[in-house]
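entry-v6.pdb, holding PDB, C-alpha atoms, pLDDT in the B column:
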MODEL        1
ATOM      1  CA  THR A 163      -6.270  94.496  76.009  1.00 52.00           C
ATOM      2  CA  ARG A 164      -6.588  90.726  76.136  1.00 55.00           C
ATOM      3  CA  ALA A 165      -8.554  90.973  79.399  1.00 54.00           C
ATOM      4  CA  GLU A 166     -11.060  93.335  77.794  1.00 56.00           C
ATOM      5  CA  ILE A 167     -11.474  90.968  74.839  1.00 51.00           C
ATOM      6  CA  THR A 168     -12.207  88.121  77.254  1.00 55.00           C
ATOM      7  CA  ASP A 169     -14.646  90.319  79.197  1.00 57.00           C
ATOM      8  CA  VAL A 170     -16.539  91.224  76.015  1.00 53.00           C
ATOM      9  CA  ALA A 171     -16.781  87.580  74.890  1.00 52.00           C
ATOM     10  CA  ASN A 172     -17.919  86.452  78.349  1.00 54.00           C
ATOM     11  CA  ALA A 173     -20.570  89.178  78.444  1.00 54.00           C
ATOM     12  CA  VAL A 174     -22.071  87.784  75.247  1.00 53.00           C
ATOM     13  CA  PHE A 175     -22.289  84.316  76.821  1.00 52.00           C
ATOM     14  CA  ASP A 176     -23.870  85.770  79.987  1.00 57.00           C
ATOM     15  CA  GLY A 177     -26.804  87.180  78.056  1.00 61.00           C
ATOM     16  CA  THR A 178     -25.696  90.807  78.063  1.00 65.00           C
ATOM     17  CA  SER A 179     -27.588  93.064  75.663  1.00 65.00           C
ATOM     18  CA  ALA A 180     -24.936  95.732  75.202  1.00 69.00           C
ATOM     19  CA  VAL A 181     -21.245  96.221  75.884  1.00 70.00           C
ATOM     20  CA  MET A 182     -19.222  99.385  76.203  1.00 71.00           C
ATOM     21  CA  LEU A 183     -15.596 100.367  76.233  1.00 71.00           C
ATOM     22  CA  SER A 184     -13.760 101.135  79.440  1.00 70.00           C
ATOM     23  CA  SER A 185     -12.276 104.600  79.769  1.00 68.00           C
ATOM     24  CA  GLU A 186      -8.756 103.556  78.776  1.00 64.00           C
ATOM     25  CA  SER A 187      -9.891 101.989  75.506  1.00 63.00           C
ATOM     26  CA  ALA A 188     -12.446 104.666  74.726  1.00 63.00           C
ATOM     27  CA  MET A 189      -9.944 107.469  75.193  1.00 71.00           C
ATOM     28  CA  GLY A 190      -7.132 105.879  73.181  1.00 73.00           C
ATOM     29  CA  LYS A 191      -5.576 107.035  69.927  1.00 79.00           C
ATOM     30  CA  TYR A 192      -7.708 104.725  67.766  1.00 80.00           C
ATOM     31  CA  PRO A 193     -11.344 104.855  68.954  1.00 76.00           C
ATOM     32  CA  VAL A 194     -12.909 103.913  65.601  1.00 81.00           C
ATOM     33  CA  GLU A 195     -10.632 100.918  65.184  1.00 82.00           C
ATOM     34  CA  THR A 196     -11.300  99.905  68.789  1.00 78.00           C
ATOM     35  CA  VAL A 197     -15.059  99.876  68.224  1.00 77.00           C
ATOM     36  CA  LYS A 198     -14.621  97.874  65.001  1.00 83.00           C
ATOM     37  CA  VAL A 199     -12.539  95.255  66.820  1.00 80.00           C
ATOM     38  CA  MET A 200     -15.037  95.093  69.663  1.00 76.00           C
ATOM     39  CA  ALA A 201     -17.926  94.613  67.211  1.00 77.00           C
ATOM     40  CA  LYS A 202     -15.978  91.840  65.494  1.00 82.00           C
ATOM     41  CA  ILE A 203     -15.406  90.107  68.844  1.00 75.00           C
ATOM     42  CA  VAL A 204     -19.096  90.341  69.770  1.00 72.00           C
ATOM     43  CA  LYS A 205     -20.216  88.964  66.394  1.00 74.00           C
ATOM     44  CA  GLN A 206     -17.795  86.037  66.646  1.00 75.00           C
ATOM     45  CA  ALA A 207     -18.738  85.317  70.271  1.00 70.00           C
ATOM     46  CA  GLU A 208     -22.448  85.299  69.380  1.00 70.00           C
ATOM     47  CA  LYS A 209     -21.789  83.030  66.390  1.00 72.00           C
ATOM     48  CA  ASP A 210     -19.823  80.667  68.648  1.00 71.00           C
ATOM     49  CA  ALA A 211     -22.587  80.741  71.271  1.00 63.00           C
ATOM     50  CA  PHE A 212     -25.226  79.748  68.700  1.00 61.00           C
ATOM     51  CA  GLU A 213     -23.055  77.092  67.070  1.00 70.00           C
ATOM     52  CA  GLY A 214     -22.060  75.661  70.450  1.00 67.00           C
ATOM     53  CA  GLY A 215     -25.629  75.573  71.726  1.00 63.00           C
ATOM     54  CA  LEU A 216     -24.707  77.779  74.692  1.00 61.00           C
ATOM     55  CA  TYR A 217     -27.917  79.794  74.532  1.00 57.00           C
ATOM     56  CA  LYS A 218     -30.006  76.606  74.573  1.00 62.00           C
ATOM     57  CA  ALA A 219     -28.405  75.669  77.886  1.00 54.00           C
ATOM     58  CA  LEU A 220     -29.591  78.866  79.584  1.00 60.00           C
ATOM     59  CA  GLU A 221     -32.430  78.304  82.023  1.00 62.00           C
ATOM     60  CA  TYR A 222     -35.143  80.824  82.758  1.00 65.00           C
ATOM     61  CA  GLU A 223     -37.743  81.000  85.429  1.00 70.00           C
ATOM     62  CA  MET A 224     -41.208  81.238  83.945  1.00 69.00           C
ATOM     63  CA  ASP A 225     -44.101  82.703  85.876  1.00 76.00           C
ATOM     64  CA  THR A 226     -47.012  80.361  85.160  1.00 81.00           C
ATOM     65  CA  LYS A 227     -49.396  83.322  85.187  1.00 83.00           C
ATOM     66  CA  ASP A 228     -47.383  85.450  82.728  1.00 83.00           C
ATOM     67  CA  ILE A 229     -49.111  84.951  79.392  1.00 87.00           C
ATOM     68  CA  SER A 230     -46.825  87.445  77.582  1.00 87.00           C
ATOM     69  CA  SER A 231     -43.696  85.462  78.487  1.00 88.00           C
ATOM     70  CA  ALA A 232     -45.343  82.189  77.472  1.00 91.00           C
ATOM     71  CA  ILE A 233     -46.341  83.653  74.096  1.00 93.00           C
ATOM     72  CA  GLY A 234     -42.820  85.081  73.660  1.00 92.00           C
ATOM     73  CA  HIS A 235     -41.236  81.717  74.443  1.00 92.00           C
ATOM     74  CA  ALA A 236     -43.637  79.940  72.082  1.00 95.00           C
ATOM     75  CA  ALA A 237     -42.856  82.452  69.323  1.00 97.00           C
ATOM     76  CA  CYS A 238     -39.128  81.847  69.723  1.00 94.00           C
ATOM     77  CA  GLN A 239     -39.630  78.083  69.588  1.00 95.00           C
ATOM     78  CA  ALA A 240     -41.946  78.337  66.569  1.00 98.00           C
ATOM     79  CA  SER A 241     -39.448  80.552  64.739  1.00 97.00           C
ATOM     80  CA  SER A 242     -36.775  77.930  65.300  1.00 94.00           C
ATOM     81  CA  ASP A 243     -38.988  75.014  64.259  1.00 97.00           C
ATOM     82  CA  LEU A 244     -40.142  76.822  61.105  1.00 98.00           C
ATOM     83  CA  HIS A 245     -36.817  78.494  60.253  1.00 98.00           C
ATOM     84  CA  ALA A 246     -38.688  81.806  60.256  1.00 98.00           C
ATOM     85  CA  LYS A 247     -36.806  84.862  59.020  1.00 98.00           C
ATOM     86  CA  ALA A 248     -38.059  87.030  61.887  1.00 98.00           C
ATOM     87  CA  ILE A 249     -40.247  87.291  64.941  1.00 98.00           C
ATOM     88  CA  PHE A 250     -42.497  90.334  65.111  1.00 98.00           C
ATOM     89  CA  ALA A 251     -43.355  91.572  68.593  1.00 96.00           C
ATOM     90  CA  ILE A 252     -45.941  94.270  67.937  1.00 95.00           C
ATOM     91  CA  THR A 253     -45.669  96.394  71.052  1.00 93.00           C
ATOM     92  CA  THR A 254     -46.426  99.623  72.817  1.00 92.00           C
ATOM     93  CA  SER A 255     -44.236  99.185  75.895  1.00 92.00           C
ATOM     94  CA  GLY A 256     -41.555  96.852  74.508  1.00 94.00           C
ATOM     95  CA  ASN A 257     -41.960  94.349  77.334  1.00 92.00           C
ATOM     96  CA  THR A 258     -42.789  91.328  75.189  1.00 90.00           C
ATOM     97  CA  ALA A 259     -39.890  92.003  72.813  1.00 95.00           C
ATOM     98  CA  GLU A 260     -37.488  92.249  75.764  1.00 92.00           C
ATOM     99  CA  ARG A 261     -38.864  89.041  77.264  1.00 89.00           C
ATOM    100  CA  MET A 262     -38.367  87.289  73.928  1.00 92.00           C
ATOM    101  CA  ALA A 263     -34.777  88.489  73.683  1.00 91.00           C
ATOM    102  CA  LYS A 264     -33.837  86.643  76.866  1.00 86.00           C
ATOM    103  CA  PHE A 265     -34.517  83.362  75.041  1.00 88.00           C
ATOM    104  CA  ARG A 266     -31.855  84.316  72.460  1.00 89.00           C
ATOM    105  CA  PRO A 267     -33.750  83.248  69.320  1.00 93.00           C
ATOM    106  CA  TYR A 268     -31.732  82.872  66.163  1.00 91.00           C
ATOM    107  CA  ALA A 269     -34.303  84.919  64.230  1.00 97.00           C
ATOM    108  CA  PRO A 270     -34.173  88.687  64.715  1.00 96.00           C
ATOM    109  CA  ILE A 271     -36.976  90.243  66.746  1.00 98.00           C
ATOM    110  CA  VAL A 272     -38.696  93.084  64.910  1.00 98.00           C
ATOM    111  CA  ALA A 273     -40.516  95.360  67.349  1.00 97.00           C
ATOM    112  CA  PRO A 274     -42.988  97.658  65.595  1.00 96.00           C
ATOM    113  CA  THR A 275     -44.135 100.369  68.012  1.00 95.00           C
ATOM    114  CA  PRO A 276     -45.916 103.714  67.823  1.00 94.00           C
ATOM    115  CA  ALA A 277     -44.073 104.912  70.955  1.00 94.00           C
ATOM    116  CA  VAL A 278     -40.901 106.892  70.207  1.00 96.00           C
ATOM    117  CA  LYS A 279     -39.556 106.281  73.726  1.00 97.00           C
ATOM    118  CA  THR A 280     -40.035 102.518  73.349  1.00 96.00           C
ATOM    119  CA  PHE A 281     -38.380 102.643  69.915  1.00 97.00           C
ATOM    120  CA  HIS A 282     -35.245 104.221  71.426  1.00 96.00           C
ATOM    121  CA  GLN A 283     -35.168 101.935  74.463  1.00 95.00           C
ATOM    122  CA  LEU A 284     -35.442  98.781  72.374  1.00 96.00           C
ATOM    123  CA  ALA A 285     -32.533  99.869  70.180  1.00 92.00           C
ATOM    124  CA  LEU A 286     -30.234  98.845  73.056  1.00 89.00           C
ATOM    125  CA  SER A 287     -31.742  95.404  73.563  1.00 90.00           C
ATOM    126  CA  TRP A 288     -30.105  92.274  72.205  1.00 87.00           C
ATOM    127  CA  GLY A 289     -31.501  91.004  68.919  1.00 91.00           C
ATOM    128  CA  ILE A 290     -34.293  93.572  68.698  1.00 96.00           C
ATOM    129  CA  TYR A 291     -34.820  95.782  65.667  1.00 97.00           C
ATOM    130  CA  PRO A 292     -37.428  98.417  66.556  1.00 97.00           C
ATOM    131  CA  THR A 293     -39.478 100.130  63.860  1.00 97.00           C
ATOM    132  CA  LEU A 294     -41.792 103.107  64.233  1.00 96.00           C
ATOM    133  CA  THR A 295     -45.434 102.729  63.285  1.00 94.00           C
ATOM    134  CA  THR A 296     -48.335 105.104  63.512  1.00 93.00           C
ATOM    135  CA  PHE A 297     -50.939 104.492  66.179  1.00 89.00           C
ATOM    136  CA  THR A 298     -53.834 102.531  64.664  1.00 88.00           C
ATOM    137  CA  ALA A 299     -56.502 100.210  66.008  1.00 87.00           C
ATOM    138  CA  ASP A 300     -56.798  98.478  62.618  1.00 91.00           C
ATOM    139  CA  TRP A 301     -54.934  95.134  62.631  1.00 91.00           C
ATOM    140  CA  GLU A 302     -54.346  94.975  58.857  1.00 94.00           C
ATOM    141  CA  ASN A 303     -52.932  98.517  58.798  1.00 94.00           C
ATOM    142  CA  LEU A 304     -50.659  97.804  61.774  1.00 92.00           C
ATOM    143  CA  TYR A 305     -49.465  94.487  60.297  1.00 95.00           C
ATOM    144  CA  SER A 306     -48.762  96.187  56.957  1.00 96.00           C
ATOM    145  CA  GLN A 307     -46.716  98.905  58.694  1.00 95.00           C
ATOM    146  CA  ALA A 308     -44.785  96.235  60.617  1.00 96.00           C
ATOM    147  CA  VAL A 309     -43.932  94.285  57.456  1.00 97.00           C
ATOM    148  CA  ASN A 310     -42.947  97.443  55.580  1.00 97.00           C
ATOM    149  CA  GLY A 311     -40.657  98.459  58.451  1.00 96.00           C
ATOM    150  CA  ALA A 312     -38.948  95.053  58.440  1.00 97.00           C
ATOM    151  CA  LYS A 313     -38.587  95.166  54.658  1.00 98.00           C
ATOM    152  CA  ALA A 314     -37.000  98.623  54.912  1.00 97.00           C
ATOM    153  CA  LEU A 315     -34.457  97.172  57.361  1.00 96.00           C
ATOM    154  CA  GLU A 316     -33.898  94.299  54.875  1.00 97.00           C
ATOM    155  CA  ILE A 317     -34.785  91.728  57.531  1.00 97.00           C
ATOM    156  CA  VAL A 318     -37.616  90.134  55.540  1.00 98.00           C
ATOM    157  CA  ARG A 319     -38.813  90.012  51.971  1.00 97.00           C
ATOM    158  CA  THR A 320     -41.769  88.596  50.066  1.00 98.00           C
ATOM    159  CA  GLY A 321     -42.231  84.860  50.636  1.00 98.00           C
ATOM    160  CA  ASP A 322     -40.492  84.750  54.040  1.00 98.00           C
ATOM    161  CA  THR A 323     -42.095  83.004  56.987  1.00 98.00           C
ATOM    162  CA  ILE A 324     -42.490  85.154  60.106  1.00 98.00           C
ATOM    163  CA  VAL A 325     -43.938  84.630  63.563  1.00 98.00           C
ATOM    164  CA  VAL A 326     -46.073  87.529  64.798  1.00 97.00           C
ATOM    165  CA  THR A 327     -47.113  88.306  68.372  1.00 96.00           C
ATOM    166  CA  ALA A 328     -49.440  91.018  69.586  1.00 93.00           C
ATOM    167  CA  GLY A 329     -51.938  91.840  72.266  1.00 89.00           C
ATOM    168  CA  MET A 330     -55.646  91.968  71.614  1.00 86.00           C
ATOM    169  CA  PRO A 331     -57.165  94.412  71.984  1.00 81.00           C
ATOM    170  CA  LEU A 332     -54.371  96.332  70.241  1.00 75.00           C
ATOM    171  CA  HIS A 333     -52.241  98.813  72.210  1.00 71.00           C
ATOM    172  CA  THR A 334     -53.112  97.363  75.598  1.00 75.00           C
ATOM    173  CA  THR A 335     -49.859  97.212  77.564  1.00 76.00           C
ATOM    174  CA  GLY A 336     -49.117  93.772  79.010  1.00 74.00           C
ATOM    175  CA  ALA A 337     -51.795  92.008  76.972  1.00 81.00           C
ATOM    176  CA  THR A 338     -49.724  89.910  74.537  1.00 90.00           C
ATOM    177  CA  ASN A 339     -52.045  86.988  73.915  1.00 90.00           C
ATOM    178  CA  LEU A 340     -51.762  86.260  70.206  1.00 92.00           C
ATOM    179  CA  MET A 341     -49.251  84.415  68.054  1.00 96.00           C
ATOM    180  CA  ARG A 342     -49.633  83.899  64.314  1.00 96.00           C
ATOM    181  CA  VAL A 343     -47.423  82.441  61.618  1.00 98.00           C
ATOM    182  CA  GLU A 344     -47.559  84.442  58.395  1.00 98.00           C
ATOM    183  CA  THR A 345     -45.950  84.524  54.974  1.00 98.00           C
ATOM    184  CA  VAL A 346     -44.730  87.978  53.950  1.00 98.00           C
ATOM    185  CA  GLU A 347     -46.540  89.309  50.908  1.00 94.00           C
TER     186      GLU A 347
ENDMDL
END
Whole structure, structure tokens version:
Amino acid sequence: TRAEITDVANAVFDGTSAVMLSSESAMGKYPVETVKVMAKIVKQAEKDAFEGGLYKALEYEMDTKDISSAIGHAACQASSDLHAKAIFAITTSGNTAERMAKFRPYAPIVAPTPAVKTFHQLALSWGIYPTLTTFTADWENLYSQAVNGAKALEIVRTGDTIVVTAGMPLHTTGATNLMRVETVE
């Protein structure tokens, strides 16, 4: 219905990560077509929000002691300034990737994680593309897995600029304290 279309578009502008159909629409005669139309509405609403600068107008409270949020915000800003193809939020818990998503960066957020539960949870978050990695304490191995995962999703390719965040030491939940700008090899 027209009201549902308006609700879906407004949800995109409110910062909603996911939308779902109400029971009447979900149970109708044309569920596949309904989902296609809803996806089309969401894509257009997001495009309009970016073009209209609506996401830039959103204000967020920042905890001055939360280093992970500060790094996430800086990564989003750097990706915009550098026209980066992606932001990588190397994560175990997914918290930094979710914090980044609230800033609505134009670049997709790739979230490499060794945690299957985190992988599934992040799949529902706005703008986040989770990839599974193996658990490793070796930075070069982890970075290589992250890039390969993003290449497999066709988000990045050789020569692209990316912004990478992680926590050092690796795999320490809540320790995001590193941001690097890299060129994909």
| message | Could you check the closest approach to A:Leu304 for each of A:Asp243, A:Lys227, A:Asn257, A:Ala328 and tell me which residue wins, using only C-alpha atoms? | response | A:Ala328
| note | Using all atoms listed in the file, the best pick from A:Phe297, A:Thr334, A:Tyr268, A:Thr253 as closest to A:Phe281 would be A:Thr253
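Residue nearest A:Ala337, chosen from A:Glu208, A:Asp228, A:Glu223, A:Glu213 and counting only C-alpha atoms: A:Asp228.
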| request: May I ask for the distance between atom CA of A:Met341 and atom CA of A:Ala236, given in Å to one decimal place? | output: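 Value for the atom CA of A:Met341-atom CA of A:Ala236 distance: 8.2 Å.
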| query | So how far away is atom CA of A:Val204 from atom CA of A:Asn310, in Å? | reply |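 Spanning atom CA of A:Asn310 to atom CA of A:Val204 is a straight-line distance of 28.6 Å.
Note that atom CA of A:Met189 and atom CA of A:Gln283 are 25.8 Å apart.
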Contacts of A:His333 within 8 Å, all atoms listed in the file, excl. fewer than 4 positions in-chain, as a short mmCIF file (atom, residue, chain, number, x, y, z; two decimals) with C-alpha atoms, in the coordinates of the input:
data_model
loop_
_atom_site.label_atom_id
_atom_site.label_comp_id
_atom_site.auth_asym_id
_atom_site.auth_seq_id
_atom_site.Cartn_x
_atom_site.Cartn_y
_atom_site.Cartn_z
CA THR A 253 -45.67 96.39 71.05
CA THR A 254 -46.43 99.62 72.82
CA ALA A 299 -56.50 100.21 66.01
CA GLY A 329 -51.94 91.84 72.27
#
| field | Residue nearest A:Ala312 - candidates A:Arg342, A:Lys247, A:Lys209, A:Lys191, atoms counted: only C-alpha atoms | value | A:Lys247
Box for stretch 270-283 of chain A - axis-aligned, 4 Å on each of the six sides, all listed atoms - centre and size in Å to one decimal, as AutoDock Vina command-line options.
--center_x -40.0 --center_y 97.8 --center_z 69.6 --size_x 19.7 --size_y 26.2 --size_z 17.7
| request: Pick out the closest residue to A:Asp225 from this set: A:Lys205, A:Arg261, A:Thr295, A:Thr196. Count all atoms listed in the file. | output: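 Checking each of A:Lys205, A:Arg261, A:Thr295, A:Thr196 against A:Asp225, counting all atoms listed in the file, the winner is A:Arg261.
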| query | What do you get, as a list in words, if you spell out every residue that the PyMOL selection byres ((chain A and resi 288-292) around 7) selects here? | reply |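 That expression, the PyMOL selection byres ((chain A and resi 288-292) around 7), corresponds here to Ser179, Ala180, Ala263, Pro270, Ile271, Val272, Ala273, Pro274, Phe281, Leu284, Ala285, Leu286, Ser287, Thr293 and Leu294 of chain A.
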| field | Pick from A:Ile249, A:Ala240, A:Val325, A:Ala207, whichever lies nearest to A:Ala269 using all atoms listed in the file | value |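 Ranked by minimum distance to A:Ala269, first place goes to A:Ile249.
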